[in-house]
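Pasted below: my_file15.txt, compact mmCIF, C-alpha atoms.
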# COMPACT_ATOMS: atom_id res chain seq x y z
CA MET A 1 -15.71 8.10 21.89
CA GLY A 2 -13.92 11.21 20.59
CA LEU A 3 -14.07 12.12 16.91
CA LYS A 4 -10.33 11.73 16.36
CA VAL A 5 -10.38 8.34 18.08
CA ARG A 6 -13.22 7.18 15.83
CA LEU A 7 -11.33 8.24 12.71
CA ALA A 8 -8.17 6.63 14.04
CA LEU A 9 -10.04 3.34 14.51
CA MET A 10 -11.33 3.61 10.96
CA ASN A 11 -7.76 3.96 9.71
CA PHE A 12 -6.58 1.10 11.94
CA LEU A 13 -9.09 -1.28 10.35
CA GLU A 14 -8.54 0.11 6.84
CA PHE A 15 -4.87 -0.81 6.78
CA ALA A 16 -5.20 -3.91 8.94
CA VAL A 17 -7.20 -5.39 6.05
CA TRP A 18 -4.25 -4.78 3.72
CA GLY A 19 -1.49 -5.76 6.12
CA ALA A 20 -2.88 -9.26 6.54
CA TYR A 21 -1.65 -10.33 3.10
CA LEU A 22 0.21 -7.57 1.27
CA THR A 23 3.76 -8.38 2.37
CA CYS A 24 3.44 -12.16 2.78
CA MET A 25 1.19 -13.14 -0.12
CA GLY A 26 4.20 -14.00 -2.30
CA ASN A 27 5.23 -16.86 -0.02
CA TYR A 28 1.78 -18.45 -0.29
CA LEU A 29 1.59 -17.97 -4.06
CA GLY A 30 4.85 -19.88 -4.46
CA LYS A 31 3.38 -22.87 -2.61
CA ALA A 32 0.07 -22.58 -4.47
CA GLY A 33 1.71 -22.96 -7.89
CA LEU A 34 1.49 -19.26 -8.75
CA GLY A 35 5.04 -18.20 -7.89
CA GLU A 36 5.90 -16.89 -11.34
CA GLN A 37 2.75 -14.75 -11.30
CA ILE A 38 3.62 -12.83 -8.11
CA ALA A 39 4.20 -9.65 -10.10
CA TRP A 40 0.77 -9.97 -11.69
CA PHE A 41 -0.96 -10.24 -8.32
CA TYR A 42 0.58 -6.95 -7.25
CA ALA A 43 0.07 -5.43 -10.69
CA ILE A 44 -3.64 -6.26 -10.46
CA GLN A 45 -3.81 -3.84 -7.53
CA GLY A 46 -2.30 -1.22 -9.79
CA ILE A 47 -4.50 -2.00 -12.79
CA VAL A 48 -7.75 -1.62 -10.84
CA SER A 49 -6.33 1.54 -9.23
CA ILE A 50 -6.18 3.14 -12.67
CA PHE A 51 -9.95 3.49 -12.80
CA MET A 52 -11.67 2.28 -9.61
CA PRO A 53 -10.49 5.03 -7.17
CA THR A 54 -11.41 7.69 -9.72
CA LEU A 55 -14.85 6.17 -10.35
CA MET A 56 -15.54 5.75 -6.63
CA GLY A 57 -14.32 9.30 -6.05
CA ILE A 58 -16.90 10.54 -8.57
CA VAL A 59 -19.63 8.57 -6.79
CA ALA A 60 -18.49 9.94 -3.40
CA ASP A 61 -18.46 13.51 -4.71
CA LYS A 62 -21.94 13.35 -6.25
CA TYR A 63 -24.09 10.40 -5.23
CA ILE A 64 -23.15 8.48 -2.04
CA GLN A 65 -21.56 9.94 1.08
CA PRO A 66 -17.90 8.80 1.22
CA GLN A 67 -18.10 7.05 4.61
CA ARG A 68 -21.05 4.96 3.38
CA LEU A 69 -19.39 4.14 0.07
CA LEU A 70 -16.29 3.14 2.04
CA GLY A 71 -18.38 0.59 3.93
CA LEU A 72 -20.03 -0.79 0.79
CA CYS A 73 -16.66 -1.24 -0.93
CA HIS A 74 -15.34 -3.15 2.09
CA LEU A 75 -18.40 -5.38 2.08
CA ALA A 76 -17.67 -6.48 -1.48
CA ALA A 77 -13.90 -6.71 -0.92
CA GLY A 78 -14.36 -8.86 2.17
CA ILE A 79 -16.74 -11.32 0.52
CA PHE A 80 -14.44 -11.89 -2.44
CA MET A 81 -11.36 -12.21 -0.23
CA LEU A 82 -13.11 -14.88 1.84
CA GLY A 83 -13.74 -16.64 -1.46
CA CYS A 84 -9.96 -16.82 -2.00
CA TRP A 85 -9.60 -18.27 1.48
CA TRP A 86 -12.23 -20.93 0.77
CA LEU A 87 -10.45 -22.05 -2.41
CA GLY A 88 -7.31 -22.48 -0.32
CA VAL A 89 -9.25 -24.54 2.22
CA GLN A 90 -10.49 -26.79 -0.58
CA ALA A 91 -6.93 -27.32 -1.85
CA GLY A 92 -5.46 -27.99 1.61
CA PHE A 93 -2.27 -26.82 3.32
CA GLY A 94 0.84 -26.84 1.15
CA ASN A 95 -1.00 -27.94 -2.02
CA GLU A 96 -1.32 -26.24 -5.38
CA LEU A 97 -4.64 -24.59 -6.12
CA PRO A 98 -6.70 -26.77 -8.50
CA ASN A 99 -8.63 -23.77 -9.83
CA LYS A 100 -6.06 -21.03 -10.22
CA SER A 101 -8.21 -18.98 -12.63
CA LEU A 102 -11.09 -18.68 -10.15
CA PHE A 103 -8.65 -17.72 -7.38
CA ILE A 104 -7.20 -14.95 -9.55
CA ALA A 105 -10.70 -13.75 -10.47
CA LEU A 106 -11.87 -13.56 -6.84
CA TYR A 107 -8.65 -11.82 -5.78
CA THR A 108 -9.03 -9.31 -8.62
CA LEU A 109 -12.59 -8.48 -7.61
CA SER A 110 -11.56 -8.10 -3.98
CA VAL A 111 -8.75 -5.65 -4.65
CA ALA A 112 -10.90 -3.82 -7.22
CA PHE A 113 -13.19 -2.81 -4.37
CA PHE A 114 -10.45 -2.43 -1.76
CA MET A 115 -8.08 -0.07 -3.58
CA PRO A 116 -10.60 2.81 -3.79
CA THR A 117 -11.10 2.62 -0.03
CA ILE A 118 -7.68 4.17 0.63
CA ALA A 119 -8.69 7.40 -1.10
CA LEU A 120 -12.23 7.17 0.35
CA ALA A 121 -10.82 6.82 3.87
CA ASN A 122 -8.73 9.97 3.29
CA THR A 123 -11.73 11.87 1.93
CA THR A 124 -13.88 10.76 4.87
CA ALA A 125 -11.28 11.83 7.42
CA PHE A 126 -10.56 15.18 5.73
CA THR A 127 -14.27 15.99 5.40
CA ILE A 128 -15.18 15.10 8.99
CA LEU A 129 -12.20 17.01 10.38
CA LYS A 130 -13.04 20.13 8.37
CA ASN A 131 -16.74 19.90 9.26
CA ASN A 132 -15.68 20.07 12.89
CA GLY A 133 -13.27 22.99 12.47
CA MET A 134 -10.02 21.01 12.66
CA ASP A 135 -6.73 21.45 10.77
CA THR A 136 -6.02 18.56 8.38
CA VAL A 137 -2.27 19.20 8.28
CA LYS A 138 -2.03 19.10 12.05
CA ASP A 139 -4.76 16.61 12.98
CA PHE A 140 -4.72 14.07 10.13
CA PRO A 141 -1.21 12.55 10.51
CA PRO A 142 -1.79 11.29 14.11
CA ILE A 143 -5.05 9.75 12.88
CA ARG A 144 -3.40 8.20 9.84
CA VAL A 145 -0.62 6.72 11.97
CA LEU A 146 -3.16 4.33 13.50
CA GLY A 147 -3.58 2.91 10.00
CA THR A 148 0.05 1.91 10.02
CA VAL A 149 -0.37 0.44 13.50
CA GLY A 150 -3.22 -1.67 12.12
CA PHE A 151 -1.04 -2.80 9.22
CA ILE A 152 1.71 -3.82 11.66
CA ALA A 153 -0.74 -5.61 13.96
CA THR A 154 -1.99 -7.94 11.24
CA MET A 155 1.55 -8.46 9.89
CA TRP A 156 2.65 -9.66 13.32
CA PHE A 157 -0.47 -11.75 13.69
CA VAL A 158 -0.10 -13.65 10.40
CA ASN A 159 3.67 -14.04 10.97
CA CYS A 160 3.16 -15.84 14.28
CA ALA A 161 -0.33 -17.39 14.01
CA VAL A 162 -0.55 -21.12 13.29
CA TRP A 163 -3.58 -23.27 12.50
CA GLU A 164 -2.57 -26.93 12.64
CA ASN A 165 -4.51 -30.13 13.32
CA GLY A 166 -7.61 -28.18 14.29
CA SER A 167 -5.85 -26.03 16.90
CA PHE A 168 -4.66 -22.41 16.97
CA SER A 169 -1.34 -21.21 18.39
CA PHE A 170 1.47 -18.65 18.02
CA THR A 171 5.14 -19.33 17.30
CA LEU A 172 8.31 -17.60 16.06
CA ALA A 173 9.93 -20.92 15.17
CA GLU A 174 9.88 -22.42 11.70
CA ASN A 175 6.44 -23.84 10.91
CA ALA A 176 4.91 -24.51 7.50
CA HIS A 177 1.41 -23.82 8.86
CA LYS A 178 2.08 -20.19 9.82
CA PHE A 179 -0.54 -17.89 8.34
CA GLN A 180 2.21 -16.02 6.43
CA TYR A 181 2.75 -19.14 4.30
CA THR A 182 -0.91 -20.19 3.92
CA TYR A 183 -4.35 -19.11 2.72
CA MET A 184 -5.33 -18.14 6.28
CA GLN A 185 -3.95 -14.65 5.64
CA PHE A 186 -6.89 -14.09 3.27
CA PHE A 187 -9.37 -15.15 5.96
CA VAL A 188 -7.98 -12.51 8.34
CA SER A 189 -8.21 -9.83 5.64
CA GLY A 190 -11.74 -10.73 4.55
CA LEU A 191 -13.08 -10.86 8.09
CA LEU A 192 -11.63 -7.45 8.96
CA SER A 193 -13.18 -5.95 5.81
CA LEU A 194 -16.62 -7.04 6.99
CA VAL A 195 -15.97 -5.55 10.43
CA LEU A 196 -14.95 -2.22 8.88
CA CYS A 197 -18.03 -2.27 6.64
CA ALA A 198 -20.27 -2.30 9.71
CA TYR A 199 -18.17 0.35 11.47
CA CYS A 200 -18.31 2.82 8.56
CA PHE A 201 -22.08 3.18 8.96
CA THR A 202 -21.56 4.52 12.51
CA LEU A 203 -19.39 7.45 11.36
CA PRO A 204 -20.67 11.06 11.15
CA GLU A 205 -22.28 12.19 7.94
CA CYS A 206 -20.19 13.67 5.13
CA LYS A 207 -22.92 15.54 3.28
CA LEU A 208 -22.58 15.84 -0.48
CA GLY A 209 -21.95 19.21 -2.06
CA GLN A 210 -24.93 21.02 -3.52
CA LYS A 211 -25.59 20.02 -7.11
CA GLN A 212 -25.36 22.77 -9.68
CA SER A 213 -28.49 23.36 -11.74
CA LYS A 214 -26.58 23.18 -15.01
CA THR A 215 -23.46 21.10 -15.46
CA SER A 216 -21.50 19.85 -18.43
CA LEU A 217 -21.12 16.14 -19.16
CA VAL A 218 -17.53 16.30 -17.92
CA GLU A 219 -18.67 17.84 -14.63
CA ALA A 220 -21.53 15.38 -14.28
CA LEU A 221 -19.11 12.49 -14.55
CA GLY A 222 -16.66 14.09 -12.15
CA LEU A 223 -13.91 14.12 -14.78
CA ASN A 224 -13.17 17.79 -14.20
CA ALA A 225 -10.51 16.68 -11.70
CA PHE A 226 -8.36 16.06 -14.77
CA LYS A 227 -8.27 19.81 -15.36
CA LEU A 228 -5.53 19.84 -12.74
CA PHE A 229 -3.23 18.65 -15.54
CA LYS A 230 -3.62 22.07 -17.19
CA THR A 231 -1.37 23.52 -14.50
CA LYS A 232 2.25 22.67 -15.25
CA ARG A 233 3.15 22.24 -11.58
CA MET A 234 0.24 19.87 -10.91
CA ALA A 235 0.89 17.97 -14.14
CA LEU A 236 4.51 17.40 -13.12
CA PHE A 237 3.38 16.41 -9.63
CA PHE A 238 1.10 13.70 -11.03
CA ILE A 239 3.70 12.50 -13.53
CA PHE A 240 6.32 12.07 -10.82
CA SER A 241 3.64 10.52 -8.63
CA ALA A 242 3.37 7.80 -11.25
CA LEU A 243 7.16 7.41 -11.53
CA LEU A 244 7.59 7.16 -7.78
CA GLY A 245 4.57 4.89 -7.65
CA MET A 246 6.61 2.39 -9.65
CA CYS A 247 8.60 1.75 -6.47
CA LEU A 248 5.65 1.24 -4.12
CA GLN A 249 4.85 -2.44 -4.59
CA VAL A 250 8.33 -3.80 -5.37
CA THR A 251 9.30 -4.65 -1.81
CA ASN A 252 5.72 -5.54 -0.87
CA GLY A 253 5.79 -8.20 -3.56
CA TYR A 254 9.36 -9.44 -3.28
CA ALA A 255 10.83 -8.62 0.14
CA GLY A 256 9.10 -11.66 1.67
CA PRO A 257 10.19 -14.21 -0.95
CA PHE A 258 13.67 -12.60 -1.01
CA ILE A 259 14.26 -12.87 2.75
CA THR A 260 12.61 -16.31 2.93
CA SER A 261 14.83 -17.53 0.07
CA PHE A 262 17.78 -17.52 2.48
CA LYS A 263 16.21 -20.59 4.09
CA GLY A 264 17.49 -22.40 1.01
CA SER A 265 21.07 -21.24 1.63
CA ALA A 266 23.86 -23.79 2.00
CA ASP A 267 25.10 -21.77 4.98
CA ALA A 268 23.31 -23.27 8.00
CA ALA A 269 23.65 -20.08 10.06
CA ILE A 270 21.85 -18.08 7.39
CA ALA A 271 19.24 -20.74 6.62
CA SER A 272 18.25 -21.13 10.28
CA SER A 273 18.43 -17.42 11.15
CA PHE A 274 15.53 -15.71 12.87
CA ALA A 275 15.11 -13.25 9.98
CA ALA A 276 14.91 -15.93 7.28
CA ASN A 277 12.16 -17.73 9.20
CA ASN A 278 10.22 -14.60 10.15
CA ALA A 279 10.32 -12.45 7.03
CA THR A 280 6.94 -10.86 7.71
CA LEU A 281 7.95 -9.90 11.24
CA LEU A 282 11.25 -8.43 10.04
CA THR A 283 9.64 -6.37 7.29
CA SER A 284 7.11 -5.03 9.82
CA ILE A 285 9.94 -2.78 11.02
CA SER A 286 9.19 -0.87 7.81
CA GLN A 287 5.69 -0.16 9.04
CA ILE A 288 6.91 0.77 12.53
CA SER A 289 9.19 3.31 10.90
CA GLU A 290 6.26 4.43 8.77
CA ALA A 291 4.17 5.07 11.87
CA LEU A 292 6.88 7.26 13.38
CA CYS A 293 7.54 9.11 10.13
CA ILE A 294 3.87 10.03 9.69
CA LEU A 295 4.10 12.06 12.88
CA MET A 296 7.04 13.98 11.43
CA ILE A 297 5.20 15.05 8.28
CA PRO A 298 3.55 18.25 9.63
CA PHE A 299 6.93 19.59 10.76
CA PHE A 300 8.72 18.78 7.49
CA LEU A 301 5.87 20.06 5.28
CA LYS A 302 5.66 23.38 7.09
CA ARG A 303 9.44 23.77 7.39
CA TYR A 304 10.60 22.58 3.95
CA GLY A 305 7.54 22.28 1.68
CA ILE A 306 6.30 19.53 -0.62
CA LYS A 307 9.30 19.49 -2.97
CA VAL A 308 11.92 18.77 -0.31
CA VAL A 309 9.65 16.24 1.38
CA MET A 310 9.13 14.35 -1.89
CA LEU A 311 12.85 14.48 -2.66
CA MET A 312 13.56 12.92 0.70
CA SER A 313 11.13 10.15 -0.19
CA MET A 314 12.73 9.51 -3.57
CA PHE A 315 16.27 9.22 -2.24
CA ALA A 316 15.03 7.08 0.65
CA TRP A 317 13.87 4.56 -1.98
CA VAL A 318 17.46 4.41 -3.26
CA PHE A 319 18.63 3.30 0.19
CA ARG A 320 15.62 1.02 0.68
CA PHE A 321 16.57 -1.05 -2.37
CA GLY A 322 20.34 -0.71 -2.12
CA LEU A 323 20.54 -1.94 1.48
CA PHE A 324 18.54 -5.04 0.57
CA GLY A 325 21.11 -5.67 -2.13
CA VAL A 326 24.09 -5.76 0.27
CA GLY A 327 22.51 -7.37 3.35
CA ASN A 328 21.68 -10.92 4.51
CA PRO A 329 19.67 -12.43 7.41
CA ALA A 330 22.71 -13.31 9.58
CA MET A 331 24.75 -10.87 11.69
CA PRO A 332 25.99 -8.34 10.74
CA GLY A 333 24.19 -8.37 7.37
CA VAL A 334 20.76 -8.35 9.02
CA LEU A 335 21.52 -4.87 10.36
CA LEU A 336 21.45 -3.62 6.77
CA PHE A 337 18.03 -5.22 6.33
CA ILE A 338 16.85 -3.44 9.47
CA LEU A 339 18.26 -0.13 8.22
CA SER A 340 16.46 -0.67 4.90
CA CYS A 341 13.23 -1.15 6.82
CA ILE A 342 13.82 2.02 8.82
CA VAL A 343 14.30 4.24 5.75
CA TYR A 344 11.12 2.76 4.25
CA GLY A 345 9.11 5.01 6.57
CA VAL A 346 10.53 8.09 4.88
CA ALA A 347 10.28 6.51 1.42
CA PHE A 348 6.59 5.66 1.73
CA ASP A 349 5.08 8.30 4.02
CA PHE A 350 6.90 11.40 2.89
CA PHE A 351 5.33 10.85 -0.50
CA ASN A 352 2.00 9.07 -0.02
CA VAL A 353 0.64 10.90 3.01
CA SER A 354 2.07 14.33 2.26
CA GLY A 355 0.99 13.93 -1.37
CA GLY A 356 -2.59 13.34 -0.28
CA ILE A 357 -2.47 16.47 1.91
CA PHE A 358 -0.93 18.45 -0.98
CA VAL A 359 -3.71 17.41 -3.38
CA ASP A 360 -6.38 18.28 -0.81
CA GLN A 361 -4.89 21.78 -0.42
CA GLU A 362 -4.46 22.43 -4.13
CA CYS A 363 -7.95 21.58 -5.45
CA GLU A 364 -11.38 23.12 -4.98
CA PRO A 365 -13.99 21.46 -2.70
CA SER A 366 -16.20 20.18 -5.54
CA ILE A 367 -13.49 17.85 -6.87
CA LYS A 368 -11.60 16.87 -3.72
CA ALA A 369 -12.68 13.20 -3.71
CA SER A 370 -12.14 12.94 -7.46
CA ALA A 371 -8.69 14.51 -7.11
CA GLN A 372 -7.74 12.03 -4.39
CA GLY A 373 -8.88 9.27 -6.72
CA LEU A 374 -6.74 10.75 -9.50
CA PHE A 375 -3.71 10.82 -7.19
CA MET A 376 -4.40 7.20 -6.29
CA MET A 377 -4.71 6.33 -9.97
CA MET A 378 -1.32 7.84 -10.81
CA THR A 379 0.53 6.24 -7.87
CA ASN A 380 -1.09 2.92 -7.05
CA GLY A 381 -2.61 2.62 -10.51
CA ILE A 382 -0.41 3.49 -13.46
CA GLY A 383 2.84 3.75 -11.53
CA ALA A 384 2.47 0.61 -9.44
CA THR A 385 1.25 -1.45 -12.41
CA VAL A 386 4.15 -0.55 -14.68
CA GLY A 387 6.68 -0.78 -11.84
CA THR A 388 5.47 -4.12 -10.53
CA LEU A 389 5.36 -5.77 -13.95
CA ALA A 390 8.82 -4.43 -14.79
CA ALA A 391 10.14 -5.65 -11.42
CA GLY A 392 8.58 -9.05 -12.06
CA GLU A 393 10.38 -9.35 -15.38
CA ILE A 394 13.68 -8.42 -13.75
CA VAL A 395 13.24 -10.84 -10.83
CA ASN A 396 12.08 -13.70 -13.07
CA HIS A 397 15.11 -13.10 -15.29
CA TYR A 398 17.66 -13.26 -12.47
CA CYS A 399 15.87 -15.64 -10.06
CA LYS A 400 13.97 -18.94 -10.37
CA TRP A 401 11.71 -20.92 -8.04
CA GLN A 402 13.48 -23.98 -6.67
CA GLY A 403 11.02 -25.85 -4.49
CA ASP A 404 9.59 -23.39 -1.95
CA TYR A 405 12.29 -20.74 -2.48
CA LEU A 406 12.94 -18.08 -5.11
CA LEU A 407 16.72 -18.29 -5.62
CA GLY A 408 19.13 -16.39 -7.86
CA ASP A 409 21.00 -13.10 -8.29
CA TRP A 410 18.88 -10.93 -6.00
CA GLN A 411 21.64 -8.36 -5.57
CA THR A 412 21.52 -7.28 -9.19
CA CYS A 413 17.74 -6.92 -8.97
CA TRP A 414 17.91 -4.61 -5.96
CA PHE A 415 20.65 -2.49 -7.50
CA ILE A 416 18.58 -2.01 -10.67
CA PHE A 417 15.63 -0.81 -8.58
CA ALA A 418 17.89 1.55 -6.60
CA GLY A 419 19.31 3.03 -9.81
CA PHE A 420 15.82 3.79 -11.12
CA ALA A 421 14.84 5.60 -7.91
CA LEU A 422 18.03 7.66 -8.08
CA VAL A 423 17.29 8.83 -11.64
CA VAL A 424 13.71 9.80 -10.71
CA GLY A 425 14.94 11.79 -7.72
CA VAL A 426 17.50 13.75 -9.73
CA LEU A 427 14.97 14.58 -12.48
CA PHE A 428 12.37 15.72 -9.94
CA ALA A 429 14.88 18.05 -8.29
CA LEU A 430 15.62 19.64 -11.67
CA VAL A 431 12.15 20.07 -13.22
CA PHE A 432 9.53 20.37 -10.43
CA HIS A 433 9.01 23.86 -8.98
CA THR A 434 6.76 24.94 -6.12
CA LYS A 435 4.51 28.03 -6.13
CA LYS A 436 7.20 29.95 -4.26
CA GLU A 437 9.86 28.97 -6.80
CA GLU A 438 7.53 29.85 -9.70
CA ALA A 439 6.83 33.27 -8.15
CA GLN A 440 10.54 33.99 -7.79
CA ALA A 441 11.31 32.89 -11.37
Spit out the file's structure as structure tokens when you get a sec.
Amino acid sequence: MGLKVRLALMNFLEFAVWGAYLTCMGNYLGKAGLGEQIAWFYAIQGIVSIFMPTLMGIVADKYIQPQRLLGLCHLAAGIFMLGCWWLGVQAGFGNELPNKSLFIALYTLSVAFFMPTIALANTTAFTILKNNGMDTVKDFPPIRVLGTVGFIATMWFVNCAVWENGSFSFTLAENAHKFQYTYMQFFVSGLLSLVLCAYCFTLPECKLGQKQSKTSLVEALGLNAFKLFKTKRMALFFIFSALLGMCLQVTNGYAGPFITSFKGSADAAIASSFAANNATLLTSISQISEALCILMIPFFLKRYGIKVVMLMSMFAWVFRFGLFGVGNPAMPGVLLFILSCIVYGVAFDFFNVSGGIFVDQECEPSIKASAQGLFMMMTNGIGATVGTLAAGEIVNHYCKWQGDYLLGDWQTCWFIFAGFALVVGVLFALVFHTKKEEAQA
């Protein structure tokens, strides 16, 4: 098997683990008696991302080869995620969880070990490609796109898969036992984590850098990645990474409950629409767009540079949120939902993937893994935590759970999110300057 194919398979499994529950977890939490805590479940991913990716990056830089550490993290994440599944089994389909605290604890431990794997997977791929004389800007995006394909594959699977009366089947029709509404989504995620754990130990070695004979305490702990903040341009990059990171988990947490809420509409055409009954499948268009947009990144980065690419991402978030605010699951409103999903590819990839490449190019080899962890901390850590909790407060203010559906003034919520993204985009255009712009100043 070719090297690029092996790395592509690694990325496929990496994001398949996440795709199994990330966009549909909210629907299950509502049925499990945790609907008002949806924001906290997504914020937990951000909270652990504040320190875990950085800590694991330090370990990968100095003590354990990144591909091996990637496998060990998935081993722990998979075991804890299967624990969440087992608690669901004990409660039964459609029932509230009797031990909500233990469920939250197991979920927290699972994502604490999963979130660092995104940065570790990047570090592994970058290192192996460079060790074999390949160009990361050219060769990494096609590899990374298989991660999005994996995410889509498990989204489709949990949307259509049904486990009912001891038998397994697929359906697009309304069914309360679809994996997207039940604890079975956690089983799929946990199982795939264990598969990826085993696979990681078959990957080529990523030898650690030679240890210096004398190092400071800061260097020994790998905290010297924070020296990147001494450069104004890099400091601004990380600050805006956090601000844009505030957008990342909003639609992951609430797009599913939002689209599914139309099943509670008094309009029969809307309530019975394909989109309202297949929210996970509809939102997977976002990931399809993401897969296509990843392939466009090398062209846009080389042609326009990081600033323009990030600006495109920021303004794409404005449309992502705004189109949700004016659409609905019936024709022609569903076309606006589809358009929102299409622009998501630009919103997510043109920042996350290109940002990872930018960080890799800007820092020295001895802190590359730590710097990727720092980037992860700013985006999926600080940014996502603050953004998700703020979004949760806004949604809980304007919308309330009524039975299985989260109903209320969703339009105002989406317009507030769109307004925030617009302000961030304008500020970034005014204050962030590239090396070329700094040289000309």
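The interatomic distance for the pair atom CA of Gly26 of chain A and atom CA of Ser284 of chain A works out to 15.4 Å.
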>> Can you tell me which residues surround Gln185 of chain A at a distance of at most 6 Å, considering all atoms listed in the file, apart from same-chain residues fewer than 4 positions away, and format the answer as a PyMOL selection string?
In response: chain A and resi 20-21+179
Please, could you write that set of residues out with C-alpha atoms as a CSV table (one decimal), in the frame of the given file?
chain,number,residue,atom,x,y,z
A,20,ALA,CA,-2.9,-9.3,6.5
A,21,TYR,CA,-1.6,-10.3,3.1
A,179,PHE,CA,-0.5,-17.9,8.3
Could you give me, as JSON lines, a per-residue list for segment 195-311 of chain A showing, wherever an atom lies at most 9 Å from an atom of segment 394-415 of chain A, the closest pair of atoms and their distance in Å to one decimal, using only C-alpha atoms and sorting by chain then residue number from low to high?
{"residue": "A:Tyr254", "atom": "CA", "partner": "A:Val395", "partner_atom": "CA", "distance": 8.6}
{"residue": "A:Pro257", "atom": "CA", "partner": "A:Leu406", "partner_atom": "CA", "distance": 6.3}
{"residue": "A:Phe258", "atom": "CA", "partner": "A:Leu406", "partner_atom": "CA", "distance": 6.9}
{"residue": "A:Thr260", "atom": "CA", "partner": "A:Tyr405", "partner_atom": "CA", "distance": 7.0}
{"residue": "A:Ser261", "atom": "CA", "partner": "A:Tyr405", "partner_atom": "CA", "distance": 4.8}
{"residue": "A:Phe262", "atom": "CA", "partner": "A:Tyr405", "partner_atom": "CA", "distance": 8.1}
{"residue": "A:Lys263", "atom": "CA", "partner": "A:Tyr405", "partner_atom": "CA", "distance": 7.7}
{"residue": "A:Gly264", "atom": "CA", "partner": "A:Tyr405", "partner_atom": "CA", "distance": 6.5}
{"residue": "A:Ser265", "atom": "CA", "partner": "A:Leu407", "partner_atom": "CA", "distance": 9.0}
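The shortest atom-to-atom distance to Asn159 of chain A, with only C-alpha atoms taken into account, belongs to A:Cys24 out of A:Val48, A:Cys24, A:Ile288, A:Cys247.
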> Neighbours of Ser340 of chain A within 12 Å (all atoms listed in the file; same-chain residues fewer than 6 positions away dropped), as a list in words?
Replying inline: Thr251, Ala255, Leu282, Thr283, Ser284, Ile285, Ser286, Gln287, Ser289, Ala316, Trp317, Val318, Phe319, Arg320, Phe321, Gly322, Leu323, Phe324, Gly325, Val326, Gly327, Asn328, Gly333, Val334, Val346, Ala347, Trp414 and Ala418 of chain A
Return as AutoDock Vina command-line options the centre and edge lengths, in Å with one decimal, of the box along x, y and z that encloses every atom of segment 234-237 of chain A in the file, padded by 3 Å per side.
--center_x 2.4 --center_y 18.1 --center_z -11.9 --size_x 10.3 --size_y 9.5 --size_z 10.5
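Reported to one decimal place, the separation of atom CA of Glu362 of chain A from atom CA of Gly46 of chain A is 24.4 Å.
Candidate residues A:Ala235, A:Ile357, A:Ile44, A:Leu22 were compared for distance to Ile104 of chain A, and the nearest is A:Ile44, using only C-alpha atoms.
Minimum atom-to-atom distances from A:Ala266, A:Cys200, A:Leu106, A:Ile382 to Ala125 of chain A were compared using all atoms listed in the file, and the lowest value belongs to A:Cys200.
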> Which of these residues is nearest to Ser354 of chain A, using only C-alpha atoms: A:Met378, A:Met310, A:Leu236, A:Leu13?
Replying inline: A:Met310
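Comparing the minimum interatomic distances between Ala242 of chain A and each of A:Met56, A:Met377, A:Leu75, A:Leu389, counting all atoms listed in the file, we find that A:Met377 sits nearest.
The shortest atom-to-atom distance to Phe428 of chain A, with only C-alpha atoms taken into account, belongs to A:Val308 out of A:Ile128, A:Val308, A:Leu292, A:Leu3.
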Generate a file for segment 268-277 of chain A, containing N, CA and C atoms, as a PDB file, in the first residue's frame.
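part-v6.pdb, freshly written:
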ATOM      1  N   ALA A 268     -47.961  20.489   7.950  1.00  0.00           N
ATOM      2  CA  ALA A 268     -47.714  19.064   7.686  1.00  0.00           C
ATOM      3  C   ALA A 268     -46.630  18.855   6.637  1.00  0.00           C
ATOM      4  N   ALA A 269     -46.587  19.727   5.630  1.00  0.00           N
ATOM      5  CA  ALA A 269     -45.589  19.590   4.565  1.00  0.00           C
ATOM      6  C   ALA A 269     -44.179  19.760   5.114  1.00  0.00           C
ATOM      7  N   ILE A 270     -44.020  20.683   6.043  1.00  0.00           N
ATOM      8  CA  ILE A 270     -42.711  20.908   6.661  1.00  0.00           C
ATOM      9  C   ILE A 270     -42.376  19.785   7.629  1.00  0.00           C
ATOM     10  N   ALA A 271     -43.340  19.404   8.474  1.00  0.00           N
ATOM     11  CA  ALA A 271     -43.109  18.376   9.486  1.00  0.00           C
ATOM     12  C   ALA A 271     -42.743  17.025   8.880  1.00  0.00           C
ATOM     13  N   SER A 272     -43.315  16.703   7.737  1.00  0.00           N
ATOM     14  CA  SER A 272     -43.067  15.402   7.107  1.00  0.00           C
ATOM     15  C   SER A 272     -41.998  15.453   6.021  1.00  0.00           C
ATOM     16  N   SER A 273     -41.341  16.598   5.859  1.00  0.00           N
ATOM     17  CA  SER A 273     -40.353  16.759   4.792  1.00  0.00           C
ATOM     18  C   SER A 273     -39.149  15.837   4.994  1.00  0.00           C
ATOM     19  N   PHE A 274     -38.512  15.512   3.891  1.00  0.00           N
ATOM     20  CA  PHE A 274     -37.331  14.648   3.927  1.00  0.00           C
ATOM     21  C   PHE A 274     -36.245  15.254   4.805  1.00  0.00           C
ATOM     22  N   ALA A 275     -36.011  16.558   4.678  1.00  0.00           N
ATOM     23  CA  ALA A 275     -34.944  17.218   5.422  1.00  0.00           C
ATOM     24  C   ALA A 275     -35.186  17.155   6.923  1.00  0.00           C
ATOM     25  N   ALA A 276     -36.415  17.411   7.362  1.00  0.00           N
ATOM     26  CA  ALA A 276     -36.712  17.406   8.791  1.00  0.00           C
ATOM     27  C   ALA A 276     -36.498  16.034   9.402  1.00  0.00           C
ATOM     28  N   ASN A 277     -36.683  14.985   8.626  1.00  0.00           N
ATOM     29  CA  ASN A 277     -36.547  13.620   9.142  1.00  0.00           C
ATOM     30  C   ASN A 277     -35.177  13.011   8.882  1.00  0.00           C
TER      31      ASN A 277
END
